[in-house]
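For reference, the structure is listed below as structure tokens.
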Amino acid sequence: MIKRTFRVDGMTCPNCVMRVESIEDDLPGVKQVSASYQRGRMIVEFDETLVGEAEIFAAVKKAGYTAEAL
Amino acid sequence: MEQYLVAFITGLTTGGLSCMAVQGGLLASSLAYQIEQDMLTAGNKKSKRVTRPKTALPIVLFLLAKLVAYTFLGLLLGLLGSVLTLNATLRAILLIAIGVFMVGNALRMFNVHPFFRIFAIEPPKFVTRYIRRTAKTNTDWFTPLFLGALTVLIPCGVTQAMMAVALATGDPLQGAALMFAFVLGTSPVFFLVAYLTTQIGARLEKWFMRFVAVVVLVLGLVSMNSGLNLMGSPLAFPSLTAAAQDAPATAFVPDTTDGTLVLNAENYGYSPSRLNAPAGVPLTLNVVTENTYSCSRAFLIPALGVEVILPETGVVPISIPAQPAGTVIPFTCSMGMYTGEIVFGD
């Protein structure tokens, strides 16, 4: 299990945080997502043997935002 | 039973608009979040249709939270007496803080600088996680609920008058029922004004977010100004405009010959808004009300520490100690909406 911080673009209000964090419900291997609208970041705790960064970015994109490595 | 009906009608007629002026900013802030969300969703779908913000639900939630908060306050007032009453200085600080919060939020919506994101309210993580996992529903209701409950901290003058009545009941259930009836009465006006504003605003499409931001900005400045009025600050807008005007060319003529000044507290402010008083002698200010139901009944002279709730009809004498020539003492309603001043001269 590793913890990585990513930059998230497109969050325009605090409600977006909840949408970004909801990827933890849909993506197997992601234990916890902690997003911050104020900092435009998210901290993701995930099992790299089950899920990769590319899949996390794709899930964030599906939620309507853009994630990228710092 | 009759007192609850009176409370409801007072809310429906004067309370709604009066409270809207004071608490409308919080409602606008909570709607702003919903509108931002709707705009974003529409953007993602690349829909070409005009987006009509779904503001009915947040408005209802805001009003529901307000109703619950004030009913609870009524219960506490009946139970605990005057312990919970905020004094004028605390209310002023609160109004200024809310004003700063709103102006900051407006600047955030204008995308002036990422710094202004600190003004956004983020629900605690455990709350959002709990909501998401248990209800699996949209959580856009947190902000209107939270801000609706916050209105309990900034009651308008009419609400304060009603709080005084709730206090006087000395019974938690009666106090709660009274505040419930009053706030329920204010709700239709709140709903109609807020809903119609947002629906008309939706026609402005891409300009709508800026429109909302401008509304929040203006209401924020009004809130800050009300706080400054309440403190009797020379930085308040009426004091600044008065200072900017030239001194009157005519000689100073006091509005009294026998040491008694008369001020009418009317439904839409104080008349006259400027009283000329002779310097160096103690005076009596008679504040007159006649079928007055507005905020102006909660009368304050911040510099003298005067704070009274005037009767609907009657005369309340207030002693004014002798003041040197050139002194200007501002007076205001308890929410800083209606203002005026006493000017001392020779």
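Please note that chains go A, B, ... in the order of the structure tokens, that every chain numbers its residues from 1, and that ligands are numbered from 1 in the order shown.
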
- Task: Identify all chain A residues at most 10 Å from chain B by counting only C-alpha atoms; ligands do not count. Present them as a list in words.
- Result: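 Output check: Gly10, Met11, Thr12, Cys13, Pro14, Asn15, Cys16, Val17, Met18, Arg19, Glu21, Ser22, Asp25, Ser34, Ala35, Ser36, Tyr37, Gln38, Arg39, Gly40, Lys62, Ala63, Gly64 and Tyr65 of chain A.
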
- Message: Can you tell me which residues surround range 57-60 of chain B at a distance of at most 6 Å, considering only C-alpha atoms, apart from same-chain residues fewer than 3 positions away, and format the answer as a ChimeraX atom specification?
- Response: /B:63-64,144

May I have the residues from that selection written out with C-alpha atoms, as a tab-separated table (two decimals), in the first residue's frame?
chain	number	residue	atom	x	y	z
B	63	LEU	CA	-34.94	27.28	5.30
B	64	LEU	CA	-35.44	23.94	7.03
B	144	PRO	CA	-27.26	25.04	2.64

- Message: Just to confirm, what's the straight-line distance from CA of Cys19 in chain B to CA of Pro317 in chain B in Å (one decimal)?
- Response: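 Between CA of Cys19 in chain B and CA of Pro317 in chain B the gap is 27.5 Å.
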
With DSSP run on the backbone, what are the strand (DSSP E) residues within range 15-54 of chain A? I'd like them as a tab-separated table (two decimals) with N, CA and C atoms, in the first residue's frame.
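The new file out.tsv reads:
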chain	number	residue	atom	x	y	z
A	30	VAL	N	-7.97	1.02	-4.46
A	30	VAL	CA	-7.84	2.34	-3.84
A	30	VAL	C	-8.46	2.29	-2.45
A	31	LYS	N	-7.63	2.51	-1.45
A	31	LYS	CA	-8.15	2.42	-0.08
A	31	LYS	C	-8.82	3.72	0.33
A	32	GLN	N	-8.13	4.82	0.10
A	32	GLN	CA	-8.68	6.10	0.54
A	32	GLN	C	-8.21	7.25	-0.33
A	33	VAL	N	-9.14	8.19	-0.61
A	33	VAL	CA	-8.79	9.40	-1.36
A	33	VAL	C	-9.14	10.60	-0.48
A	34	SER	N	-8.18	11.47	-0.34
A	34	SER	CA	-8.43	12.68	0.47
A	34	SER	C	-8.12	13.89	-0.40
A	35	ALA	N	-9.16	14.54	-0.90
A	35	ALA	CA	-8.96	15.67	-1.81
A	35	ALA	C	-9.15	16.99	-1.09
A	36	SER	N	-8.50	18.03	-1.61
A	36	SER	CA	-8.66	19.37	-1.05
A	36	SER	C	-8.88	20.37	-2.17
A	41	ARG	N	-5.34	19.51	-4.64
A	41	ARG	CA	-4.56	18.28	-4.55
A	41	ARG	C	-5.45	17.14	-4.06
A	42	MET	N	-4.96	15.92	-4.27
A	42	MET	CA	-5.59	14.77	-3.61
A	42	MET	C	-4.49	13.80	-3.17
A	43	ILE	N	-4.71	13.22	-2.01
A	43	ILE	CA	-3.78	12.20	-1.51
A	43	ILE	C	-4.50	10.86	-1.66
A	44	VAL	N	-3.87	9.95	-2.41
A	44	VAL	CA	-4.50	8.65	-2.66
A	44	VAL	C	-3.66	7.55	-2.01
A	45	GLU	N	-4.33	6.72	-1.23
A	45	GLU	CA	-3.68	5.56	-0.63
A	45	GLU	C	-4.16	4.34	-1.42
A	46	PHE	N	-3.22	3.66	-2.10
A	46	PHE	CA	-3.65	2.57	-2.96
A	46	PHE	C	-2.65	1.43	-3.01

- Message: Quick one: residues within 12 Å of Ser187 in chain B, only C-alpha atoms, excluding same-chain residues fewer than 5 positions away - as number ranges by chain?
- Response: B: 8-20, 23-24, 27, 59-67, 148, 180-182, 192-195
